[in-house]
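Enquirer: Provided below: target25.tsv, containing TSV, C-alpha atoms.
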chain	number	residue	atom	x	y	z
A	14	MET	CA	199.29	64.72	126.10
A	15	LYS	CA	197.19	67.91	126.07
A	16	VAL	CA	196.30	69.53	129.38
A	17	LYS	CA	192.52	69.59	129.82
A	18	GLU	CA	191.23	73.05	130.65
A	19	LYS	CA	188.03	74.74	131.76
A	20	VAL	CA	187.20	77.20	128.99
A	21	ALA	CA	184.32	79.68	128.73
A	22	VAL	CA	182.90	80.52	125.30
A	23	ILE	CA	180.93	83.76	125.46
A	24	GLY	CA	178.31	83.79	122.72
A	25	ALA	CA	176.29	80.79	121.52
A	26	GLY	CA	175.86	81.83	117.90
A	27	SER	CA	177.09	79.67	115.04
A	28	TRP	CA	180.78	80.52	115.42
A	29	GLY	CA	180.88	80.36	119.22
A	30	THR	CA	179.09	77.00	119.18
A	31	ALA	CA	181.37	75.59	116.47
A	32	LEU	CA	184.49	76.64	118.39
A	33	ALA	CA	183.01	75.15	121.56
A	34	MET	CA	182.77	71.87	119.64
A	35	VAL	CA	186.46	72.04	118.70
A	36	LEU	CA	187.41	72.59	122.32
A	37	ALA	CA	185.10	69.80	123.47
A	38	ASP	CA	186.61	67.41	120.90
A	39	ASN	CA	189.96	68.17	122.52
A	40	GLY	CA	188.60	67.01	125.87
A	41	HIS	CA	188.24	70.40	127.54
A	42	GLU	CA	185.38	71.28	129.88
A	43	VAL	CA	183.49	73.89	127.85
A	44	ARG	CA	181.07	76.44	129.33
A	45	LEU	CA	178.96	78.01	126.55
A	46	TRP	CA	177.22	81.22	127.66
A	47	ALA	CA	174.25	83.05	126.15
A	48	HIS	CA	171.54	85.47	127.33
A	49	ASN	CA	168.82	83.28	125.85
A	50	GLU	CA	167.70	80.81	128.52
A	51	ALA	CA	165.67	78.74	126.05
A	52	ARG	CA	168.80	78.23	123.93
A	53	ILE	CA	170.81	77.23	127.00
A	54	LYS	CA	168.11	74.73	127.96
A	55	GLU	CA	168.22	73.27	124.44
A	56	ILE	CA	172.03	72.98	124.57
A	57	ASN	CA	171.92	71.18	127.93
A	58	GLU	CA	168.92	68.92	127.33
A	59	GLN	CA	168.95	68.27	123.58
A	60	HIS	CA	172.66	68.90	122.87
A	61	THR	CA	171.70	70.98	119.84
A	62	ASN	CA	171.61	74.63	118.77
A	63	GLN	CA	169.12	74.38	115.93
A	64	GLN	CA	168.82	78.09	115.18
A	65	TYR	CA	172.48	78.46	114.33
A	66	LEU	CA	173.74	74.93	113.53
A	67	PRO	CA	170.75	72.87	112.39
A	68	ASP	CA	170.98	69.08	112.78
A	69	ILE	CA	174.37	69.19	114.50
A	70	LYS	CA	174.75	67.14	117.69
A	71	LEU	CA	176.88	68.88	120.31
A	72	PRO	CA	179.39	66.96	122.45
A	73	ALA	CA	178.21	66.15	125.96
A	74	ASN	CA	181.11	68.05	127.55
A	75	ILE	CA	179.64	71.38	126.36
A	76	LYS	CA	177.47	72.79	129.12
A	77	GLY	CA	175.30	75.84	128.56
A	78	TYR	CA	175.16	78.70	131.06
A	79	SER	CA	172.86	81.71	131.30
A	80	SER	CA	174.81	82.98	134.33
A	81	LEU	CA	178.03	84.65	133.23
A	82	LYS	CA	179.45	84.45	136.75
A	83	GLU	CA	178.99	80.68	136.81
A	84	ALA	CA	180.40	80.31	133.30
A	85	LEU	CA	183.58	82.19	134.25
A	86	ALA	CA	184.14	80.48	137.61
A	87	GLY	CA	187.53	78.81	137.66
A	88	VAL	CA	188.42	79.41	134.00
A	89	GLU	CA	191.66	80.95	132.76
A	90	GLN	CA	190.80	81.28	129.05
A	91	VAL	CA	187.67	82.89	127.65
A	92	ILE	CA	186.62	82.84	123.99
A	93	LEU	CA	184.81	86.07	123.12
A	94	ALA	CA	182.45	85.12	120.26
A	95	VAL	CA	179.98	88.00	120.11
A	96	PRO	CA	179.48	90.60	117.34
A	97	THR	CA	181.74	93.66	117.40
A	98	LYS	CA	178.88	95.94	118.45
A	99	ALA	CA	178.25	93.80	121.58
A	100	ILE	CA	181.85	93.50	122.76
A	101	ARG	CA	181.91	96.51	125.09
A	102	GLU	CA	178.64	95.47	126.71
A	103	VAL	CA	179.84	91.91	127.31
A	104	LEU	CA	183.19	93.07	128.66
A	105	GLY	CA	181.31	95.31	131.09
A	106	LEU	CA	179.40	92.27	132.36
A	107	MET	CA	182.60	90.24	132.64
A	108	LYS	CA	184.30	92.92	134.74
A	109	GLU	CA	181.54	92.62	137.33
A	110	CYS	CA	181.79	88.87	137.90
A	111	GLN	CA	185.12	87.33	136.87
A	112	GLU	CA	187.27	85.87	139.62
A	113	GLN	CA	190.78	86.17	138.15
A	114	PRO	CA	192.73	87.63	135.21
A	115	LEU	CA	191.87	85.87	131.94
A	116	VAL	CA	193.45	85.15	128.60
A	117	ILE	CA	190.85	86.71	126.29
A	118	VAL	CA	190.58	85.21	122.81
A	119	HIS	CA	188.42	87.25	120.45
A	120	VAL	CA	187.12	85.55	117.32
A	121	SER	CA	184.97	88.30	115.78
A	122	LYS	CA	186.00	90.25	112.67
A	123	GLY	CA	185.30	93.95	112.73
A	124	ILE	CA	186.44	97.51	113.41
A	125	GLU	CA	184.51	99.94	115.58
A	126	PRO	CA	183.19	102.95	113.62
A	127	ASN	CA	184.11	106.42	114.87
A	128	THR	CA	186.76	105.22	117.37
A	129	LEU	CA	188.34	103.18	114.51
A	130	LEU	CA	189.67	100.70	117.07
A	131	ARG	CA	190.47	97.09	116.29
A	132	ILE	CA	188.83	94.58	118.63
A	133	SER	CA	192.00	93.95	120.65
A	134	GLU	CA	192.24	97.71	121.21
A	135	MET	CA	188.61	97.80	122.36
A	136	ILE	CA	189.37	95.07	124.89
A	137	GLU	CA	192.44	96.95	126.15
A	138	GLU	CA	190.35	100.10	126.53
A	139	GLU	CA	187.52	98.36	128.39
A	140	MET	CA	189.47	95.97	130.64
A	141	PRO	CA	191.84	97.17	133.37
A	142	ASP	CA	195.28	95.56	133.26
A	143	GLY	CA	194.54	93.38	136.27
A	144	LEU	CA	191.53	91.75	134.61
A	145	TYR	CA	193.29	90.16	131.64
A	146	LYS	CA	196.56	88.32	131.19
A	147	ASP	CA	196.80	88.48	127.41
A	148	ILE	CA	194.65	89.21	124.37
A	149	VAL	CA	194.71	86.78	121.46
A	150	VAL	CA	192.90	86.94	118.11
A	151	LEU	CA	191.80	83.81	116.25
A	152	SER	CA	191.00	84.42	112.59
A	153	GLY	CA	191.13	82.82	109.16
A	154	PRO	CA	189.03	81.14	106.45
A	155	SER	CA	186.48	79.28	108.55
A	156	HIS	CA	182.74	78.74	108.12
A	157	ALA	CA	181.09	77.63	111.34
A	158	GLU	CA	178.93	75.16	109.42
A	159	GLU	CA	181.97	73.31	108.11
A	160	VAL	CA	183.84	73.42	111.43
A	161	SER	CA	180.81	71.85	113.13
A	162	LEU	CA	180.93	69.02	110.57
A	163	ARG	CA	184.63	68.56	111.39
A	164	HIS	CA	185.70	69.40	107.86
A	165	PRO	CA	189.40	70.35	107.57
A	166	THR	CA	189.88	74.00	108.60
A	167	THR	CA	192.99	76.12	109.09
A	168	VAL	CA	193.18	79.37	111.06
A	169	THR	CA	195.71	81.75	112.58
A	170	VAL	CA	196.20	83.05	116.11
A	171	SER	CA	198.09	86.22	116.98
A	172	SER	CA	198.94	88.25	120.08
A	173	LYS	CA	201.40	90.81	121.36
A	174	ASN	CA	202.63	87.92	123.53
A	175	MET	CA	203.42	85.00	121.24
A	176	ALA	CA	203.58	82.62	124.21
A	177	ALA	CA	199.88	83.34	124.71
A	178	ALA	CA	199.23	82.71	121.01
A	179	GLU	CA	201.00	79.35	121.28
A	180	LEU	CA	198.90	78.49	124.34
A	181	ILE	CA	195.72	79.06	122.34
A	182	GLN	CA	197.20	77.19	119.38
A	183	ASP	CA	197.57	74.15	121.64
A	184	LEU	CA	194.10	74.65	123.12
A	185	PHE	CA	192.35	74.41	119.73
A	186	MET	CA	194.57	72.38	117.45
A	187	ASN	CA	193.48	68.89	116.40
A	188	GLN	CA	193.34	66.72	113.27
A	189	HIS	CA	190.39	68.69	111.84
A	190	PHE	CA	191.29	72.17	113.04
A	191	ARG	CA	194.85	73.28	112.25
A	192	VAL	CA	196.14	76.44	113.91
A	193	TYR	CA	199.12	78.56	112.84
A	194	THR	CA	200.66	81.46	114.77
A	195	ASN	CA	201.39	84.90	113.30
A	196	ALA	CA	203.13	87.72	115.16
A	197	ASP	CA	201.40	90.41	113.08
A	198	LEU	CA	198.42	91.25	115.31
A	199	ILE	CA	197.45	94.34	113.30
A	200	GLY	CA	197.53	92.51	109.98
A	201	VAL	CA	195.52	89.54	111.27
A	202	GLU	CA	192.79	91.80	112.66
A	203	ILE	CA	192.68	94.14	109.65
A	204	GLY	CA	192.61	91.29	107.13
A	205	GLY	CA	189.83	89.49	108.98
A	206	ALA	CA	187.71	92.63	109.28
A	207	LEU	CA	188.10	94.14	105.82
A	208	LYS	CA	187.51	90.93	103.88
A	209	ASN	CA	183.83	91.24	104.89
A	210	ILE	CA	183.60	94.44	102.83
A	211	ILE	CA	184.88	92.67	99.73
A	212	ALA	CA	182.52	89.73	100.40
A	213	LEU	CA	179.57	92.12	100.40
A	214	ALA	CA	180.79	93.54	97.09
A	215	ALA	CA	181.22	90.03	95.64
A	216	GLY	CA	177.68	89.17	96.68
A	217	ILE	CA	176.38	92.32	95.00
A	218	SER	CA	178.24	91.39	91.82
A	219	ASP	CA	176.68	87.92	91.83
A	220	GLY	CA	173.27	89.38	92.62
A	221	LEU	CA	173.56	91.65	89.59
A	222	GLY	CA	174.19	88.58	87.47
A	223	TYR	CA	177.85	89.25	86.73
A	224	GLY	CA	180.16	86.25	86.44
A	225	ASP	CA	183.39	84.84	87.77
A	226	ASN	CA	185.49	87.40	85.88
A	227	ALA	CA	183.98	90.24	87.90
A	228	LYS	CA	184.29	88.37	91.19
A	229	ALA	CA	187.93	87.49	90.56
A	230	ALA	CA	188.62	91.17	89.90
A	231	LEU	CA	186.86	92.18	93.12
A	232	ILE	CA	188.84	89.68	95.18
A	233	THR	CA	192.25	90.64	93.77
A	234	ARG	CA	191.64	94.40	93.74
A	235	GLY	CA	190.01	94.11	97.14
A	236	LEU	CA	193.15	92.45	98.46
A	237	ALA	CA	195.15	95.43	97.15
A	238	GLU	CA	192.88	97.80	99.11
A	239	ILE	CA	193.23	95.76	102.30
A	240	ALA	CA	197.03	95.65	101.93
A	241	ARG	CA	197.26	99.40	101.24
A	242	LEU	CA	195.32	100.32	104.35
A	243	GLY	CA	196.77	97.59	106.55
A	244	THR	CA	200.34	98.56	105.71
A	245	LYS	CA	199.61	102.20	106.50
A	246	MET	CA	198.30	101.06	109.89
A	247	GLY	CA	201.49	99.14	110.64
A	248	ALA	CA	200.75	95.64	109.36
A	249	ASN	CA	203.21	93.37	107.58
A	250	PRO	CA	202.06	93.23	103.91
A	251	LEU	CA	203.00	89.54	103.73
A	252	THR	CA	200.19	88.75	106.19
A	253	PHE	CA	197.64	89.58	103.49
A	254	SER	CA	198.93	86.80	101.24
A	255	GLY	CA	198.21	84.32	104.04
A	256	LEU	CA	195.21	82.82	105.79
A	257	THR	CA	193.73	86.07	107.09
A	258	GLY	CA	194.21	87.80	103.74
A	259	ILE	CA	193.70	85.92	100.51
A	260	GLY	CA	192.55	82.78	102.37
A	261	ASP	CA	189.73	84.54	104.17
A	262	LEU	CA	188.81	86.47	101.02
A	263	ILE	CA	188.41	83.30	98.97
A	264	VAL	CA	186.20	81.53	101.47
A	265	THR	CA	184.03	84.57	102.24
A	266	CYS	CA	183.59	85.83	98.69
A	267	THR	CA	182.74	82.50	97.07
A	268	SER	CA	180.50	80.59	99.49
A	269	VAL	CA	176.78	80.61	100.25
A	270	HIS	CA	177.77	79.98	103.88
A	271	SER	CA	179.07	83.57	104.04
A	272	ARG	CA	176.46	85.85	105.56
A	273	ASN	CA	178.25	88.88	104.07
A	274	TRP	CA	178.08	87.33	100.58
A	275	ARG	CA	174.41	86.45	101.09
A	276	ALA	CA	173.60	89.99	102.23
A	277	GLY	CA	175.42	91.45	99.23
A	278	ASN	CA	173.65	89.04	96.92
A	279	MET	CA	170.26	90.31	98.13
A	280	LEU	CA	171.40	93.92	97.70
A	281	GLY	CA	172.46	93.14	94.14
A	282	LYS	CA	169.01	91.71	93.46
A	283	GLY	CA	167.39	95.00	94.47
A	284	HIS	CA	166.54	94.55	98.15
A	285	LYS	CA	167.05	97.50	100.49
A	286	LEU	CA	169.60	97.28	103.32
A	287	GLU	CA	167.02	97.32	106.14
A	288	GLU	CA	165.12	94.48	104.48
A	289	VAL	CA	168.30	92.47	103.96
A	290	LEU	CA	169.43	92.80	107.58
A	291	ASP	CA	165.96	91.86	108.80
A	292	LYS	CA	165.89	88.73	106.63
A	293	MET	CA	169.41	87.63	107.59
A	294	GLY	CA	168.57	87.21	111.28
A	295	MET	CA	172.30	87.35	112.10
A	296	VAL	CA	174.83	90.16	112.33
A	297	VAL	CA	176.42	91.14	109.00
A	298	GLU	CA	179.75	92.53	110.23
A	299	GLY	CA	180.71	93.92	106.81
A	300	VAL	CA	178.03	96.63	106.95
A	301	ARG	CA	179.41	98.22	110.10
A	302	THR	CA	183.00	97.62	109.00
A	303	THR	CA	182.37	99.44	105.70
A	304	LYS	CA	181.58	102.59	107.66
A	305	ALA	CA	184.75	102.20	109.75
A	306	ALA	CA	186.94	101.43	106.70
A	307	HIS	CA	185.56	104.48	104.89
A	308	GLN	CA	186.62	106.60	107.86
A	309	LEU	CA	190.02	104.88	108.00
A	310	SER	CA	190.65	105.54	104.31
A	311	ASP	CA	190.13	109.25	104.99
A	312	LYS	CA	192.28	109.20	108.11
A	313	TYR	CA	195.23	107.46	106.44
A	314	GLU	CA	194.64	109.01	102.99
A	315	VAL	CA	194.44	105.59	101.34
A	316	ASN	CA	192.63	105.10	98.04
A	317	MET	CA	189.92	102.41	98.51
A	318	PRO	CA	187.53	102.56	95.52
A	319	ILE	CA	185.67	99.30	96.25
A	320	THR	CA	185.09	100.34	99.85
A	321	ASP	CA	183.95	103.78	98.71
A	322	ALA	CA	181.51	102.26	96.19
A	323	LEU	CA	180.08	99.93	98.83
A	324	TYR	CA	179.75	102.82	101.29
A	325	GLN	CA	177.69	104.71	98.70
A	326	ILE	CA	175.44	101.68	98.16
A	327	LEU	CA	174.91	101.00	101.87
A	328	PHE	CA	174.65	104.50	103.29
A	329	GLN	CA	173.97	106.89	100.40
A	330	ASP	CA	171.36	104.85	98.51
A	331	GLN	CA	173.53	104.48	95.41
A	332	ASP	CA	172.21	102.02	92.82
A	333	PRO	CA	174.45	98.90	92.92
A	334	LYS	CA	174.76	98.62	89.13
A	335	ALA	CA	175.65	102.31	88.81
A	336	ALA	CA	178.31	101.90	91.51
A	337	VAL	CA	179.87	98.94	89.65
A	338	ASP	CA	179.81	100.87	86.38
A	339	GLU	CA	181.62	103.78	88.04
A	340	LEU	CA	184.28	101.39	89.36
A	341	MET	CA	184.90	100.04	85.85
A	342	ALA	CA	185.11	103.56	84.38
A	343	ARG	CA	187.87	104.74	86.73
A	344	MET	CA	191.03	106.22	85.25
A	345	LYS	CA	193.59	103.77	83.91
A	346	LYS	CA	196.55	102.74	86.07
A	347	ARG	CA	199.31	100.14	86.28
A	348	GLU	CA	198.39	96.95	88.15
A	349	MET	CA	201.74	96.59	89.92
A	350	GLU	CA	201.73	100.20	91.14
A	351	ASP	CA	200.04	99.20	94.41
A	352	LEU	CA	202.52	96.43	95.17
A	353	VAL	CA	205.47	98.66	94.40
A	354	ASN	CA	204.13	101.42	96.65
A	355	ILE	CA	203.40	99.02	99.52
A	356	HIS	CA	206.87	97.47	99.23
A	357	SER	CA	208.52	100.91	99.11
A	358	GLU	CA	206.63	102.14	102.18
A	359	THR	CA	207.60	99.00	104.12
A	360	LEU	CA	211.27	99.43	103.25
A	361	THR	CA	211.13	103.11	104.22
A	362	GLU	CA	209.66	102.29	107.63
A	363	GLU	CA	212.33	99.65	108.21
Could you express the structure from this file as structure tokens?
Expert:
Amino acid sequence: MKVKEKVAVIGAGSWGTALAMVLADNGHEVRLWAHNEARIKEINEQHTNQQYLPDIKLPANIKGYSSLKEALAGVEQVILAVPTKAIREVLGLMKECQEQPLVIVHVSKGIEPNTLLRISEMIEEEMPDGLYKDIVVLSGPSHAEEVSLRHPTTVTVSSKNMAAAELIQDLFMNQHFRVYTNADLIGVEIGGALKNIIALAAGISDGLGYGDNAKAALITRGLAEIARLGTKMGANPLTFSGLTGIGDLIVTCTSVHSRNWRAGNMLGKGHKLEEVLDKMGMVVEGVRTTKAAHQLSDKYEVNMPITDALYQILFQDQDPKAAVDELMARMKKREMEDLVNIHSETLTEE
């Protein structure tokens, strides 16, 4: 028998709302917080969130809050479901009104440009030790639209404290939403963040009219880039063959549900970045992450040609077709060279 908890979900976008539904299905008392009072009124009176999850009926045990203090009252676990760029601001608000140390579960996928911090590191930097018990990341191949329809979904949770990861595994897991644990916190965060870069590139490829051959190449070579950088940063390379590596790449690079794929698709069709972001109406994490990954590739001296090409398209006004042509014209190399190098570096560190 699962213990029923009071859980706060901070951020009533598509992903925060979908995860609130999972928690509500498990019988928990769910407090869903957002700045937008009209959205909170809709959640409480209509039990819908039409802007983000059209035509989905929310469980009655999800209650919307516009007061963060009220949302956090008496809870021990908080789900942080806001874009990477908003995390520091929201943590600042939480520090002012929370009553007790919290288990903070972040579910966003990004890296902060310039500081080059993963989200768990941002939380550690912003929150004094006495204000959080543990930090957990939840990540994996998961479209909010499908989770809200209770389609089968599988994700991973990770933490420096695996007991905390197991606590969150129990909090979320049900017959529709399967949760694994993974001790590789760095790998889970890096895989989840960098797959958005490859999804943007896959969308560009589709927008240019290229076929499945090109997309398959982007996914597999993109995975090699993610593994090269992640291993340099201390991740276990095996993580990238799991849910937050190849699993997340497949779902994000091949589905119209993916906002990163959709943004890339528009770029490939000739739209400018500012126009694309304006039309999307939601945060496209891959754009910001591309800037951070470009900086990380320099810092760790890791070759990341797809990331570099995307950086040129997004921030240096490179023509998408010309960038793809340059990728194809790169010097020849052996396919297994990357895997051999990653394996050798891992053995050396051990």
Enquirer: Atom CA of A:Asn127 and atom CA of A:Glu339, how far apart in Å?
Expert: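 Going from atom CA of A:Glu339 over to atom CA of A:Asn127 covers 27.1 Å.
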Enquirer: Give me the residues within 9 Å of A:Ala322 as a PyMOL selection string, counting all atoms listed in the file and dropping any in the same chain fewer than 2 places off.
Expert: chain A and resi 214+317-320+324-327+331+333+336-337+339-340
Enquirer: Write out as a list in words each polymer residue whose atoms come within 8 Å of A:His60, counting all atoms listed in the file; drop sequence neighbours fewer than 4 positions from it.
Expert: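 That gives Glu55, Ile56, Lys70, Leu71, Pro72 and Ala73 of chain A.
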Enquirer: In Å, how far is it from atom CA of A:Asn174 to atom CA of A:Tyr193?
Expert: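 It comes out at 14.6 Å.
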Enquirer: So which residues touch A:Gly77 within 7 Å, counting all atoms listed in the file, skipping near sequence neighbours fewer than 6 positions away, as number ranges by chain?
Expert: A: 44-46, 53, 56-57
Enquirer: Would you tabulate, counting all atoms listed in the file, all residues of stretch 203-307 of chain A that have an atom at most 6 Å from an atom of stretch 154-164 of chain A, showing the closest pair of atoms and their distance in Å to one decimal, sorted by chain then ascending number, as JSON lines?
Expert:
{"residue": "A:Gly260", "atom": "CA", "partner": "A:Pro154", "partner_atom": "CA", "distance": 5.6}
{"residue": "A:Asp261", "atom": "CA", "partner": "A:Pro154", "partner_atom": "CA", "distance": 4.2}
{"residue": "A:Val264", "atom": "CA", "partner": "A:Pro154", "partner_atom": "CA", "distance": 5.7}
Enquirer: Keeping only C-alpha atoms, write those residues as a CSV table (one decimal), in the coordinates of the input.
Expert:
chain,number,residue,atom,x,y,z
A,260,GLY,CA,192.6,82.8,102.4
A,261,ASP,CA,189.7,84.5,104.2
A,264,VAL,CA,186.2,81.5,101.5
Enquirer: Just checking: using all atoms listed in the file, which residue out of A:Ser79, A:Thr128, A:Gln113, A:Thr265 ends up closest to A:Asp142?
Expert: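 Closest residue, counting all atoms listed in the file: A:Gln113.
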Enquirer: Write out as a PyMOL selection string which residues come within 7 Å of A:Val35 when counting only C-alpha atoms, dropping same-chain ones fewer than 4 positions away.
Expert: chain A and resi 31+39+185
Enquirer: Need to verify the contact set: stretch 204-207 of chain A, 10 Å, only C-alpha atoms, exclusion of same-chain residues closer than 3 positions in sequence. Can you return it as an MDAnalysis selection string?
Expert: chainID A and resid 120:124 131:132 150:154 199:201 210:212 235:236 238:240 242:243 248 252:262 298:299 302:303 305:306 320
Enquirer: Which is closest to A:Asp338 among A:Val269, A:Gly277, A:Glu287, A:Tyr223, if we use all atoms listed in the file?
Expert: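 The closest residue to A:Asp338 is A:Tyr223.
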Enquirer: So how far away is atom CA of A:Glu314 from atom CA of A:Lys245, in Å?
Expert: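 Separating atom CA of A:Lys245 from atom CA of A:Glu314 is a distance of 9.1 Å.
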Enquirer: Restricting the calculation to all atoms listed in the file, which member of A:Leu106, A:Ala51, A:Ile92, A:Val300 is positioned closest to A:Gln64?
Expert: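 Looking at the shortest contact to A:Gln64, the residue is A:Ala51.
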Enquirer: Using all atoms listed in the file, can you tell me which of A:Ala215, A:Ala99, A:Val168, A:Val116 comes closest to A:Leu180?
Expert: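 Using all atoms listed in the file, A:Leu180 sits closest to A:Val116.
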Enquirer: For a quick check of understanding, using only C-alpha atoms, which of A:Gly281, A:Pro165, A:Gly294, A:Gly143 has the smallest distance to A:Ala335?
Expert: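 Of A:Gly281, A:Pro165, A:Gly294, A:Gly143, the one nearest A:Ala335, counting only C-alpha atoms, is A:Gly281.
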Enquirer: Anything within 10 Å of (175.0, 82.4, 116.4): list those residues as a list in words, counting only C-alpha atoms and sticking to the file's coordinates.
Expert: Gly24, Ala25, Gly26, Ser27, Trp28, Gly29, Thr30, Ala31, Ala47, Asn62, Gln63, Gln64, Tyr65, Leu66, Ala94, Val95, Pro96, Ala157, Gly294, Met295 and Val296 of chain A
Enquirer: Of the candidates A:Leu130, A:Ala178, A:Val297, A:Met140, which shows the shortest atom-to-atom distance to A:Lys108, using all atoms listed in the file?
Expert: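 Closest candidate: A:Met140.
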Enquirer: Only C-alpha atoms, as a PDB file, in the first residue's frame: that is what I want for stretch 68-134 of chain A.
Expert:
ATOM      1  CA  ASP A  68      -9.123  18.380 -24.029  1.00  0.00           C
ATOM      2  CA  ILE A  69      -7.535  16.583 -21.076  1.00  0.00           C
ATOM      3  CA  LYS A  70      -9.612  16.329 -17.887  1.00  0.00           C
ATOM      4  CA  LEU A  71      -7.520  16.717 -14.736  1.00  0.00           C
ATOM      5  CA  PRO A  72      -8.151  14.577 -11.637  1.00  0.00           C
ATOM      6  CA  ALA A  73     -10.102  16.301  -8.884  1.00  0.00           C
ATOM      7  CA  ASN A  74      -7.275  15.830  -6.361  1.00  0.00           C
ATOM      8  CA  ILE A  75      -5.102  18.339  -8.262  1.00  0.00           C
ATOM      9  CA  LYS A  76      -5.615  21.766  -6.728  1.00  0.00           C
ATOM     10  CA  GLY A  77      -4.162  24.872  -8.324  1.00  0.00           C
ATOM     11  CA  TYR A  78      -2.340  27.524  -6.284  1.00  0.00           C
ATOM     12  CA  SER A  79      -1.141  30.999  -7.202  1.00  0.00           C
ATOM     13  CA  SER A  80       0.389  31.412  -3.726  1.00  0.00           C
ATOM     14  CA  LEU A  81       3.698  29.566  -3.507  1.00  0.00           C
ATOM     15  CA  LYS A  82       3.638  29.716   0.292  1.00  0.00           C
ATOM     16  CA  GLU A  83       0.278  27.957   0.390  1.00  0.00           C
ATOM     17  CA  ALA A  84       1.378  25.397  -2.195  1.00  0.00           C
ATOM     18  CA  LEU A  85       4.453  24.469  -0.148  1.00  0.00           C
ATOM     19  CA  ALA A  86       2.723  24.341   3.248  1.00  0.00           C
ATOM     20  CA  GLY A  87       3.156  20.912   4.793  1.00  0.00           C
ATOM     21  CA  VAL A  88       4.804  19.233   1.790  1.00  0.00           C
ATOM     22  CA  GLU A  89       8.042  17.257   1.893  1.00  0.00           C
ATOM     23  CA  GLN A  90       8.533  16.692  -1.853  1.00  0.00           C
ATOM     24  CA  VAL A  91       8.440  19.387  -4.513  1.00  0.00           C
ATOM     25  CA  ILE A  92       8.519  18.768  -8.263  1.00  0.00           C
ATOM     26  CA  LEU A  93      10.367  21.599 -10.012  1.00  0.00           C
ATOM     27  CA  ALA A  94       8.853  21.741 -13.520  1.00  0.00           C
ATOM     28  CA  VAL A  95       9.927  25.124 -14.853  1.00  0.00           C
ATOM     29  CA  PRO A  96      12.318  25.935 -17.738  1.00  0.00           C
ATOM     30  CA  THR A  97      16.032  26.014 -16.957  1.00  0.00           C
ATOM     31  CA  LYS A  98      16.184  29.800 -17.313  1.00  0.00           C
ATOM     32  CA  ALA A  99      13.502  30.220 -14.590  1.00  0.00           C
ATOM     33  CA  ILE A 100      14.970  27.837 -12.019  1.00  0.00           C
ATOM     34  CA  ARG A 101      17.056  30.355 -10.069  1.00  0.00           C
ATOM     35  CA  GLU A 102      14.146  32.787  -9.872  1.00  0.00           C
ATOM     36  CA  VAL A 103      11.742  30.121  -8.611  1.00  0.00           C
ATOM     37  CA  LEU A 104      14.245  28.801  -6.072  1.00  0.00           C
ATOM     38  CA  GLY A 105      14.630  32.354  -4.783  1.00  0.00           C
ATOM     39  CA  LEU A 106      10.869  32.522  -4.218  1.00  0.00           C
ATOM     40  CA  MET A 107      10.860  29.121  -2.518  1.00  0.00           C
ATOM     41  CA  LYS A 108      13.584  30.164  -0.078  1.00  0.00           C
ATOM     42  CA  GLU A 109      11.382  32.994   1.160  1.00  0.00           C
ATOM     43  CA  CYS A 110       8.328  30.911   2.014  1.00  0.00           C
ATOM     44  CA  GLN A 111       9.026  27.199   2.543  1.00  0.00           C
ATOM     45  CA  GLU A 112       8.476  25.819   6.026  1.00  0.00           C
ATOM     46  CA  GLN A 113      10.866  22.851   6.112  1.00  0.00           C
ATOM     47  CA  PRO A 114      13.663  21.144   4.142  1.00  0.00           C
ATOM     48  CA  LEU A 115      12.361  19.568   0.931  1.00  0.00           C
ATOM     49  CA  VAL A 116      13.230  16.752  -1.412  1.00  0.00           C
ATOM     50  CA  ILE A 117      13.545  18.691  -4.685  1.00  0.00           C
ATOM     51  CA  VAL A 118      12.812  16.743  -7.867  1.00  0.00           C
ATOM     52  CA  HIS A 119      13.771  18.604 -11.029  1.00  0.00           C
ATOM     53  CA  VAL A 120      12.253  17.449 -14.303  1.00  0.00           C
ATOM     54  CA  SER A 121      13.654  20.006 -16.761  1.00  0.00           C
ATOM     55  CA  LYS A 122      16.380  19.187 -19.284  1.00  0.00           C
ATOM     56  CA  GLY A 123      19.047  21.811 -19.755  1.00  0.00           C
ATOM     57  CA  ILE A 124      22.459  23.231 -18.891  1.00  0.00           C
ATOM     58  CA  GLU A 125      23.030  26.829 -17.858  1.00  0.00           C
ATOM     59  CA  PRO A 126      25.160  28.769 -20.377  1.00  0.00           C
ATOM     60  CA  ASN A 127      28.288  30.512 -19.085  1.00  0.00           C
ATOM     61  CA  THR A 128      28.254  28.818 -15.648  1.00  0.00           C
ATOM     62  CA  LEU A 129      27.948  25.432 -17.462  1.00  0.00           C
ATOM     63  CA  LEU A 130      26.142  24.008 -14.438  1.00  0.00           C
ATOM     64  CA  ARG A 131      23.744  21.097 -14.587  1.00  0.00           C
ATOM     65  CA  ILE A 132      20.367  21.765 -12.977  1.00  0.00           C
ATOM     66  CA  SER A 133      21.169  19.817  -9.800  1.00  0.00           C
ATOM     67  CA  GLU A 134      24.295  21.967  -9.423  1.00  0.00           C
TER      68      GLU A 134
END
